[in-house]
Amino acid sequence: MRRPTFLHGAIVAALFGLSASAFVAVLVPFVGPVTVARLVVPLLALVYVCYLVTRSGERAGRVVTLTLWSAMTVLTWWLVPSFALFLLIHAGAIWLIRSLYFYSGVFPALIDLALNASSVVVALGTLARTGSVFLSVWSFFLVQALFVAIPRSISKRKKHDATANQEPFERSRRQAEAALKQLIAP
């Protein structure tokens, strides 16, 4: 599967913003803003984690990842009284899953951690400034969409070594095809 693009991430961010604002508008009169926030954050994080896992192209570990994420969500729901810590734990889980599925080095993962922290700051700043759930959620996931600019690996030597290892294989494959054509040709 292809790695997502920024435009795709921006569209996902807009859809998440619309969904979150609709949930908040409908549910706040019935259960209150804190409970709605504790429902919306894990729900959006779950959908985003599923989006990341499916777009990564990695097939191994999907069930384990989603199971561990679900267990973490249940534990934080019951054990973490502070909403700020609740939010940070979910943002950290997104970072961890994206680091595992999209990067092959420590430095890209650290850059992504900074991006993740920035997205939390931007979202909270937007919420404080505008009071809009849509803009806050949209800005959070819009900054998250910038992860596509982070390279998979910083090291250029590994990339060169991988192509150098493929070159003898390609030469052997061409020779085998040529030999096969000679056997088949009249």
# chains A, B, ... in the order shown; residues from 1 in each chain; ligands from 1

$ residues_around --residues "Leu100 (chain A)" --least-positions-apart "2" --cutoff "12 Å" --atoms "only C-alpha atoms" --output "ChimeraX atom specification"
/A:49,52-53,56,58,60-62,65,93-98,102-106,108-110,112,152

$ residues_around --residues "Ala13 (chain A)" --least-positions-apart "6" --cutoff "12 Å" --atoms "only C-alpha atoms" --output "short mmCIF file (atom, residue, chain, number, x, y, z; two decimals) with all heavy atoms, in the first residue's frame"
data_model
loop_
_atom_site.label_atom_id
_atom_site.label_comp_id
_atom_site.auth_asym_id
_atom_site.auth_seq_id
_atom_site.Cartn_x
_atom_site.Cartn_y
_atom_site.Cartn_z
N PHE A 6 0.14 14.30 2.11
CA PHE A 6 -0.34 15.37 2.98
C PHE A 6 -1.79 15.74 2.65
O PHE A 6 -2.59 15.97 3.56
CB PHE A 6 0.56 16.61 2.87
CG PHE A 6 0.05 17.76 3.69
CD1 PHE A 6 0.21 17.75 5.07
CD2 PHE A 6 -0.61 18.81 3.10
CE1 PHE A 6 -0.29 18.78 5.85
CE2 PHE A 6 -1.10 19.85 3.87
CZ PHE A 6 -0.95 19.84 5.24
N LEU A 7 -2.12 15.77 1.37
CA LEU A 7 -3.49 16.10 0.98
C LEU A 7 -4.48 15.08 1.55
O LEU A 7 -5.54 15.45 2.05
CB LEU A 7 -3.61 16.17 -0.55
CG LEU A 7 -5.00 16.48 -1.08
CD1 LEU A 7 -5.45 17.86 -0.60
CD2 LEU A 7 -5.02 16.41 -2.59
N SER A 19 -16.58 15.22 12.33
CA SER A 19 -17.15 14.16 13.16
C SER A 19 -17.10 14.52 14.64
O SER A 19 -18.08 14.33 15.37
CB SER A 19 -16.39 12.85 12.94
OG SER A 19 -16.46 12.47 11.60
N ALA A 20 -15.96 15.03 15.09
CA ALA A 20 -15.82 15.38 16.51
C ALA A 20 -16.78 16.49 16.90
O ALA A 20 -17.41 16.42 17.96
CB ALA A 20 -14.38 15.80 16.80
N LEU A 44 -11.59 8.96 18.09
CA LEU A 44 -10.79 9.53 17.00
C LEU A 44 -9.42 8.87 16.91
O LEU A 44 -8.92 8.59 15.82
CB LEU A 44 -10.62 11.04 17.18
CG LEU A 44 -11.85 11.89 16.94
CD1 LEU A 44 -11.55 13.35 17.26
CD2 LEU A 44 -12.35 11.74 15.52
N ALA A 45 -8.82 8.61 18.06
CA ALA A 45 -7.50 7.96 18.06
C ALA A 45 -7.60 6.55 17.48
O ALA A 45 -6.72 6.13 16.71
CB ALA A 45 -6.93 7.92 19.47
N VAL A 47 -9.79 5.40 15.23
CA VAL A 47 -9.97 5.50 13.78
C VAL A 47 -8.66 5.91 13.12
O VAL A 47 -8.29 5.37 12.07
CB VAL A 47 -11.11 6.49 13.44
CG1 VAL A 47 -11.22 6.71 11.95
CG2 VAL A 47 -12.43 5.96 13.98
N TYR A 48 -7.92 6.83 13.73
CA TYR A 48 -6.65 7.26 13.15
C TYR A 48 -5.61 6.14 13.20
O TYR A 48 -4.85 5.96 12.25
CB TYR A 48 -6.13 8.50 13.89
CG TYR A 48 -4.94 9.14 13.23
CD1 TYR A 48 -5.06 9.71 11.96
CD2 TYR A 48 -3.70 9.17 13.84
CE1 TYR A 48 -3.97 10.30 11.34
CE2 TYR A 48 -2.62 9.76 13.23
CZ TYR A 48 -2.75 10.32 11.98
OH TYR A 48 -1.68 10.90 11.36
N TYR A 51 -6.43 3.81 10.47
CA TYR A 51 -6.00 4.45 9.23
C TYR A 51 -4.50 4.28 9.03
O TYR A 51 -4.05 3.90 7.95
CB TYR A 51 -6.39 5.93 9.27
CG TYR A 51 -5.67 6.82 8.30
CD1 TYR A 51 -5.98 6.82 6.95
CD2 TYR A 51 -4.67 7.69 8.73
CE1 TYR A 51 -5.32 7.64 6.06
CE2 TYR A 51 -4.01 8.51 7.86
CZ TYR A 51 -4.33 8.48 6.52
OH TYR A 51 -3.67 9.30 5.64
N SER A 119 1.61 19.07 17.54
CA SER A 119 0.19 18.96 17.21
C SER A 119 -0.69 19.12 18.45
O SER A 119 -1.75 19.73 18.38
CB SER A 119 -0.09 17.63 16.51
OG SER A 119 0.11 16.55 17.38
N ALA A 123 -3.30 22.17 18.84
CA ALA A 123 -4.71 21.87 19.08
C ALA A 123 -5.23 22.55 20.35
O ALA A 123 -6.31 23.13 20.35
CB ALA A 123 -4.92 20.36 19.17
N PHE A 134 -14.18 21.78 16.12
CA PHE A 134 -13.79 21.46 14.75
C PHE A 134 -12.38 21.96 14.45
O PHE A 134 -11.55 21.21 13.96
CB PHE A 134 -14.78 22.06 13.74
CG PHE A 134 -14.28 21.99 12.33
CD1 PHE A 134 -14.30 20.79 11.64
CD2 PHE A 134 -13.75 23.11 11.71
CE1 PHE A 134 -13.82 20.71 10.34
CE2 PHE A 134 -13.26 23.04 10.42
CZ PHE A 134 -13.30 21.84 9.73
N LEU A 135 -12.12 23.23 14.72
CA LEU A 135 -10.80 23.79 14.42
C LEU A 135 -9.69 23.14 15.24
O LEU A 135 -8.59 22.93 14.75
CB LEU A 135 -10.80 25.30 14.64
CG LEU A 135 -11.57 26.12 13.61
CD1 LEU A 135 -11.55 27.60 14.00
CD2 LEU A 135 -11.01 25.92 12.22
N SER A 136 -10.00 22.82 16.48
CA SER A 136 -9.00 22.19 17.33
C SER A 136 -8.63 20.80 16.82
O SER A 136 -7.45 20.46 16.69
CB SER A 136 -9.52 22.11 18.76
OG SER A 136 -8.58 21.48 19.59
N VAL A 137 -9.63 19.98 16.54
CA VAL A 137 -9.38 18.62 16.05
C VAL A 137 -8.74 18.68 14.66
O VAL A 137 -7.80 17.94 14.36
CB VAL A 137 -10.68 17.79 16.04
CG1 VAL A 137 -10.50 16.47 15.33
CG2 VAL A 137 -11.17 17.58 17.46
N TRP A 138 -9.23 19.57 13.82
CA TRP A 138 -8.68 19.70 12.47
C TRP A 138 -7.22 20.12 12.53
O TRP A 138 -6.38 19.56 11.82
CB TRP A 138 -9.50 20.70 11.66
CG TRP A 138 -9.00 20.87 10.26
CD1 TRP A 138 -9.01 19.93 9.27
CD2 TRP A 138 -8.42 22.05 9.72
NE1 TRP A 138 -8.47 20.46 8.13
CE2 TRP A 138 -8.09 21.76 8.37
CE3 TRP A 138 -8.13 23.31 10.22
CZ2 TRP A 138 -7.51 22.69 7.53
CZ3 TRP A 138 -7.56 24.23 9.37
CH2 TRP A 138 -7.24 23.92 8.05
N SER A 139 -6.89 21.09 13.37
CA SER A 139 -5.50 21.53 13.46
C SER A 139 -4.61 20.43 14.03
O SER A 139 -3.46 20.26 13.59
CB SER A 139 -5.38 22.81 14.28
OG SER A 139 -5.80 22.61 15.60
N PHE A 140 -5.10 19.65 14.99
CA PHE A 140 -4.32 18.54 15.53
C PHE A 140 -3.96 17.55 14.43
O PHE A 140 -2.80 17.19 14.24
CB PHE A 140 -5.10 17.82 16.65
CG PHE A 140 -4.40 16.59 17.18
CD1 PHE A 140 -3.41 16.71 18.13
CD2 PHE A 140 -4.72 15.33 16.73
CE1 PHE A 140 -2.74 15.60 18.62
CE2 PHE A 140 -4.07 14.21 17.20
CZ PHE A 140 -3.08 14.35 18.16
N PHE A 141 -4.96 17.10 13.70
CA PHE A 141 -4.70 16.10 12.66
C PHE A 141 -4.05 16.69 11.42
O PHE A 141 -3.39 15.97 10.67
CB PHE A 141 -5.99 15.34 12.32
CG PHE A 141 -6.37 14.37 13.40
CD1 PHE A 141 -7.44 14.62 14.23
CD2 PHE A 141 -5.64 13.21 13.61
CE1 PHE A 141 -7.79 13.73 15.23
CE2 PHE A 141 -5.97 12.32 14.61
CZ PHE A 141 -7.05 12.58 15.42
N LEU A 142 -4.20 17.99 11.20
CA LEU A 142 -3.49 18.62 10.09
C LEU A 142 -1.99 18.65 10.36
O LEU A 142 -1.19 18.35 9.47
CB LEU A 142 -4.01 20.05 9.87
CG LEU A 142 -3.55 20.73 8.59
CD1 LEU A 142 -4.05 19.97 7.38
CD2 LEU A 142 -4.06 22.16 8.56
N VAL A 143 -1.61 18.96 11.58
CA VAL A 143 -0.18 18.89 11.94
C VAL A 143 0.28 17.43 11.90
O VAL A 143 1.39 17.15 11.44
CB VAL A 143 0.07 19.54 13.32
CG1 VAL A 143 1.51 19.34 13.76
CG2 VAL A 143 -0.27 21.02 13.28
N GLN A 144 -0.55 16.50 12.33
CA GLN A 144 -0.21 15.09 12.26
C GLN A 144 0.04 14.65 10.81
O GLN A 144 0.87 13.79 10.55
CB GLN A 144 -1.32 14.22 12.86
CG GLN A 144 -1.48 14.32 14.34
CD GLN A 144 -0.38 13.62 15.09
OE1 GLN A 144 0.13 12.60 14.67
NE2 GLN A 144 -0.01 14.17 16.22
N ALA A 145 -0.67 15.25 9.87
CA ALA A 145 -0.53 14.89 8.45
C ALA A 145 0.85 15.24 7.91
O ALA A 145 1.26 14.72 6.87
CB ALA A 145 -1.61 15.58 7.63
N LEU A 146 1.58 16.07 8.61
CA LEU A 146 2.93 16.44 8.16
C LEU A 146 3.94 15.30 8.33
O LEU A 146 5.06 15.41 7.87
CB LEU A 146 3.42 17.67 8.93
CG LEU A 146 2.71 18.98 8.60
CD1 LEU A 146 3.14 20.07 9.57
CD2 LEU A 146 2.98 19.39 7.17
#

$ residues_around --residues "Trp77 (chain A)" --least-positions-apart "4" --cutoff "8 Å" --atoms "only C-alpha atoms" --output "list of chain:residue names"
A:Arg38, A:Thr73, A:Phe86

$ write_last_selection --atoms "N, CA, C and O atoms" --output "mmCIF file, in the first residue's frame"
data_model
loop_
_atom_site.group_PDB
_atom_site.id
_atom_site.type_symbol
_atom_site.label_atom_id
_atom_site.label_comp_id
_atom_site.auth_asym_id
_atom_site.auth_seq_id
_atom_site.Cartn_x
_atom_site.Cartn_y
_atom_site.Cartn_z
ATOM 1 N N ARG A 38 -13.866 12.532 26.816
ATOM 2 C CA ARG A 38 -13.258 11.225 27.111
ATOM 3 C C ARG A 38 -13.786 10.126 26.188
ATOM 4 O O ARG A 38 -13.196 9.057 26.106
ATOM 5 N N THR A 73 -6.361 1.985 26.132
ATOM 6 C CA THR A 73 -7.488 2.910 26.208
ATOM 7 C C THR A 73 -8.374 2.613 27.411
ATOM 8 O O THR A 73 -8.778 3.531 28.135
ATOM 9 N N PHE A 86 -4.715 12.130 29.971
ATOM 10 C CA PHE A 86 -5.487 11.246 29.100
ATOM 11 C C PHE A 86 -5.207 11.573 27.634
ATOM 12 O O PHE A 86 -4.948 10.686 26.816
#

$ atom_distance --atom1 "CA of Pro4 (chain A)" --atom2 "CA of Pro151 (chain A)"
12.8 Å

$ decode --residues "region 10-42 of chain A" --atoms "N, CA and C atoms" --output "compact mmCIF listing (two decimals), in the first residue's frame"
# COMPACT_ATOMS: atom_id res chain seq x y z
N ALA A 10 -4.87 15.86 5.14
CA ALA A 10 -5.69 17.06 5.36
C ALA A 10 -7.17 16.73 5.22
N ILE A 11 -7.51 15.87 4.28
CA ILE A 11 -8.91 15.46 4.11
C ILE A 11 -9.36 14.64 5.32
N VAL A 12 -8.52 13.74 5.78
CA VAL A 12 -8.84 12.96 6.98
C VAL A 12 -9.01 13.89 8.18
N ALA A 13 -8.15 14.90 8.29
CA ALA A 13 -8.24 15.86 9.40
C ALA A 13 -9.58 16.61 9.36
N ALA A 14 -10.01 17.01 8.18
CA ALA A 14 -11.28 17.72 8.05
C ALA A 14 -12.45 16.80 8.43
N LEU A 15 -12.39 15.55 8.00
CA LEU A 15 -13.45 14.60 8.35
C LEU A 15 -13.49 14.34 9.86
N PHE A 16 -12.31 14.22 10.47
CA PHE A 16 -12.25 14.04 11.92
C PHE A 16 -12.80 15.26 12.65
N GLY A 17 -12.46 16.45 12.17
CA GLY A 17 -12.97 17.67 12.78
C GLY A 17 -14.48 17.76 12.72
N LEU A 18 -15.04 17.43 11.55
CA LEU A 18 -16.49 17.45 11.41
C LEU A 18 -17.16 16.41 12.30
N SER A 19 -16.58 15.22 12.33
CA SER A 19 -17.15 14.16 13.16
C SER A 19 -17.10 14.52 14.64
N ALA A 20 -15.96 15.03 15.09
CA ALA A 20 -15.82 15.38 16.51
C ALA A 20 -16.78 16.49 16.90
N SER A 21 -16.90 17.51 16.05
CA SER A 21 -17.81 18.61 16.40
C SER A 21 -19.26 18.14 16.41
N ALA A 22 -19.61 17.20 15.53
CA ALA A 22 -20.98 16.66 15.54
C ALA A 22 -21.24 15.85 16.80
N PHE A 23 -20.27 15.00 17.20
CA PHE A 23 -20.42 14.23 18.43
C PHE A 23 -20.57 15.15 19.63
N VAL A 24 -19.74 16.16 19.70
CA VAL A 24 -19.79 17.08 20.84
C VAL A 24 -21.11 17.83 20.86
N ALA A 25 -21.57 18.31 19.72
CA ALA A 25 -22.83 19.06 19.67
C ALA A 25 -24.02 18.20 20.08
N VAL A 26 -24.00 16.94 19.71
CA VAL A 26 -25.13 16.06 20.01
C VAL A 26 -25.08 15.54 21.45
N LEU A 27 -23.89 15.17 21.94
CA LEU A 27 -23.81 14.48 23.22
C LEU A 27 -23.61 15.37 24.45
N VAL A 28 -23.06 16.56 24.29
CA VAL A 28 -22.78 17.41 25.46
C VAL A 28 -24.03 17.70 26.29
N PRO A 29 -25.20 17.98 25.70
CA PRO A 29 -26.38 18.24 26.54
C PRO A 29 -26.80 17.05 27.39
N PHE A 30 -26.41 15.84 26.98
CA PHE A 30 -26.86 14.65 27.70
C PHE A 30 -25.88 14.17 28.77
N VAL A 31 -24.57 14.21 28.47
CA VAL A 31 -23.61 13.62 29.40
C VAL A 31 -22.53 14.60 29.88
N GLY A 32 -22.48 15.79 29.37
CA GLY A 32 -21.51 16.77 29.83
C GLY A 32 -20.24 16.78 28.98
N PRO A 33 -19.51 17.90 29.01
CA PRO A 33 -18.36 18.06 28.13
C PRO A 33 -17.17 17.15 28.46
N VAL A 34 -16.93 16.88 29.73
CA VAL A 34 -15.77 16.05 30.09
C VAL A 34 -15.97 14.61 29.63
N THR A 35 -17.14 14.07 29.85
CA THR A 35 -17.43 12.70 29.42
C THR A 35 -17.40 12.60 27.91
N VAL A 36 -17.94 13.59 27.22
CA VAL A 36 -17.91 13.57 25.75
C VAL A 36 -16.47 13.62 25.26
N ALA A 37 -15.65 14.45 25.87
CA ALA A 37 -14.24 14.52 25.47
C ALA A 37 -13.54 13.20 25.71
N ARG A 38 -13.87 12.53 26.82
CA ARG A 38 -13.26 11.23 27.11
C ARG A 38 -13.79 10.13 26.19
N LEU A 39 -14.89 10.37 25.50
CA LEU A 39 -15.38 9.44 24.49
C LEU A 39 -14.81 9.75 23.11
N VAL A 40 -14.75 11.03 22.78
CA VAL A 40 -14.33 11.45 21.44
C VAL A 40 -12.84 11.21 21.22
N VAL A 41 -12.01 11.51 22.21
CA VAL A 41 -10.55 11.35 22.04
C VAL A 41 -10.18 9.91 21.70
N PRO A 42 -10.62 8.90 22.47
CA PRO A 42 -10.24 7.53 22.09
C PRO A 42 -10.87 7.07 20.78
